[in-house]
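These notes concern the structure reproduced below.
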Amino acid sequence: MSSWFKRKDKGITTPTEEKKNVPEGLWHKTPSGKVIEFNELKENLYVSPEDDYHVRIGSNEYFEMFFDNNEFKELNENLTSKDPLKFEDTKKYTDRLKQAQEKTKLKDAVRTAVGKSKGKDIVIAAMDFSFIGGSMGSVVGEKIARAIDYAIKHKMPFMMISKSGGARMMEASLSLMQLVKTSAKLAQLDEAKLPYISLCTDPTTGGTTASFAMLGDINIAEPNALIAFAGPRIVKDTTGKELPKGFQRSEFVLEHGFLDAIYHRKELKDKVNLYIDLIQNLPVRK
């Protein structure tokens, strides 16, 4: 796993550090051991330039990537989860929600917004893994459904950026119902002849993969993203067999026909808009 760390000692300050105004001692270490300054990582869209490792990012970073000048209107931003089942395991679900909201400054595991990308309107839903593992509960399903309704009403393309551990167990069957609801809304989007682009990022698993993540007109992914229904450890334990190298990573999934393409983060905005223009038979935007 990637990790953030701080130097205890200031050490040597180089001219490069001063020029980039790096926050003192803030670095990022990739799984391969490569170390990069935070500002340099941010400038490179959170991709390590040495090993091309795509660091997990959230809705803030994706909105900044896709919306022109980072200008957008957030949709249904105040929707929050309830606890109709009065669920409690090691702690109450209501406490988990409160802690997640305080820690992440998010209302739930997905944000939806409308804005312009390369000059044309688009509705984007982006999931945040930092909020209870990007799990899909009632609010996640409802916000995605309302975002699709908005796209249909205003005749706009829709994009889903998935990053999720799957259904939210604290909501039990209510969570599973979101698979049906979001899939039905996407069928309505299709009937309206509006494009749907699905971007799978690390990780896209469980109920998200079993529903909206694999229903795009175009299904694309970032490099080396985990894309699966059940995780590799569960598959290995169930089958009792050794798994192929790279099993369930986006390259493996592409090779076996479940994805249309894999794109570097730097290419995503151009490629998504290219697909939208081609689907709508519009002049390709420069």
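Residue numbering restarts at 1 in every chain; chains get A, B, ... in the order shown in the structure tokens, and ligands count up from 1 in that same order.
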Q) How would you write, as a ChimeraX atom specification, the set of residues in segment 19-249 of chain A that DSSP gives as strand (DSSP E)? A) /A:26-29,35-37,72-75,110-117,120-127,158-164,196-204,218-221
Q: Give me every alpha helix (DSSP H) residue in segment 96-259 of chain A, going by DSSP on the backbone, as a ChimeraX atom specification.
A: /A:96-104,138-153,172-191,232-239,250-255
Would you write out, as a tab-separated table, a table of all residues in segment 142-191 of chain A that have an atom no more than 7 Å from an atom of segment 113-135 of chain A, listing for each the closest atom pair and the distance in Å to one decimal, considering only C-alpha atoms and ordering rows by chain and rising residue number?
```
residue	atom	partner	partner_atom	distance
A:Ile144	CA	A:Ala125	CA	6.6
A:Ala147	CA	A:Val123	CA	6.9
A:Ala151	CA	A:Val123	CA	6.2
A:Met156	CA	A:Ile122	CA	5.6
A:Pro157	CA	A:Ile122	CA	5.3
A:Phe158	CA	A:Val123	CA	4.9
A:Met159	CA	A:Ile124	CA	4.8
A:Met160	CA	A:Ala125	CA	4.9
A:Ile161	CA	A:Ala126	CA	4.6
A:Ser162	CA	A:Met127	CA	5.6
A:Lys163	CA	A:Met127	CA	5.4
A:Ser164	CA	A:Gly134	CA	4.2
A:Gly165	CA	A:Ser135	CA	5.5
A:Gly166	CA	A:Ser135	CA	5.1
A:Ala167	CA	A:Ser135	CA	5.3
A:Arg168	CA	A:Ser135	CA	4.8
```
**Q.** For segment 216-227 of chain A: contacts at 6 Å, only C-alpha atoms, fewer than 3 positions along chain excluded, given as JSON, numbers by chain
**A.** {"A": [196, 197, 198, 199, 200, 201, 202, 203, 204, 205, 248, 249, 250, 259, 260, 261, 262, 263]}
(Q) Report as JSON, numbers by chain all protein, DNA and RNA residues lying within 9 Å of segment 85-91 of chain A, evaluated on only C-alpha atoms, omitting residues in the same chain fewer than 4 positions from it. (A) {"A": [95, 96, 170, 171, 172]}
Let's have the selection written as a PDB file, in the first residue's frame, with N, CA and C atoms.
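Contents of the output file selection-v8.pdb:
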```
ATOM      1  N   ASP A  95     -22.589   6.060  14.627  1.00  0.00           N
ATOM      2  CA  ASP A  95     -21.278   6.539  15.060  1.00  0.00           C
ATOM      3  C   ASP A  95     -20.261   6.441  13.926  1.00  0.00           C
ATOM      4  N   ARG A  96     -20.333   5.360  13.165  1.00  0.00           N
ATOM      5  CA  ARG A  96     -19.426   5.206  12.018  1.00  0.00           C
ATOM      6  C   ARG A  96     -19.636   6.338  11.008  1.00  0.00           C
ATOM      7  N   MET A 170     -23.794  -2.446   6.625  1.00  0.00           N
ATOM      8  CA  MET A 170     -24.608  -1.879   7.693  1.00  0.00           C
ATOM      9  C   MET A 170     -26.034  -1.545   7.237  1.00  0.00           C
ATOM     10  N   GLU A 171     -26.251  -1.571   5.905  1.00  0.00           N
ATOM     11  CA  GLU A 171     -27.596  -1.306   5.391  1.00  0.00           C
ATOM     12  C   GLU A 171     -28.228  -2.543   4.764  1.00  0.00           C
ATOM     13  N   ALA A 172     -27.507  -3.672   4.817  1.00  0.00           N
ATOM     14  CA  ALA A 172     -28.030  -4.975   4.406  1.00  0.00           C
ATOM     15  C   ALA A 172     -28.757  -4.910   3.058  1.00  0.00           C
TER      16      ALA A 172
END
```
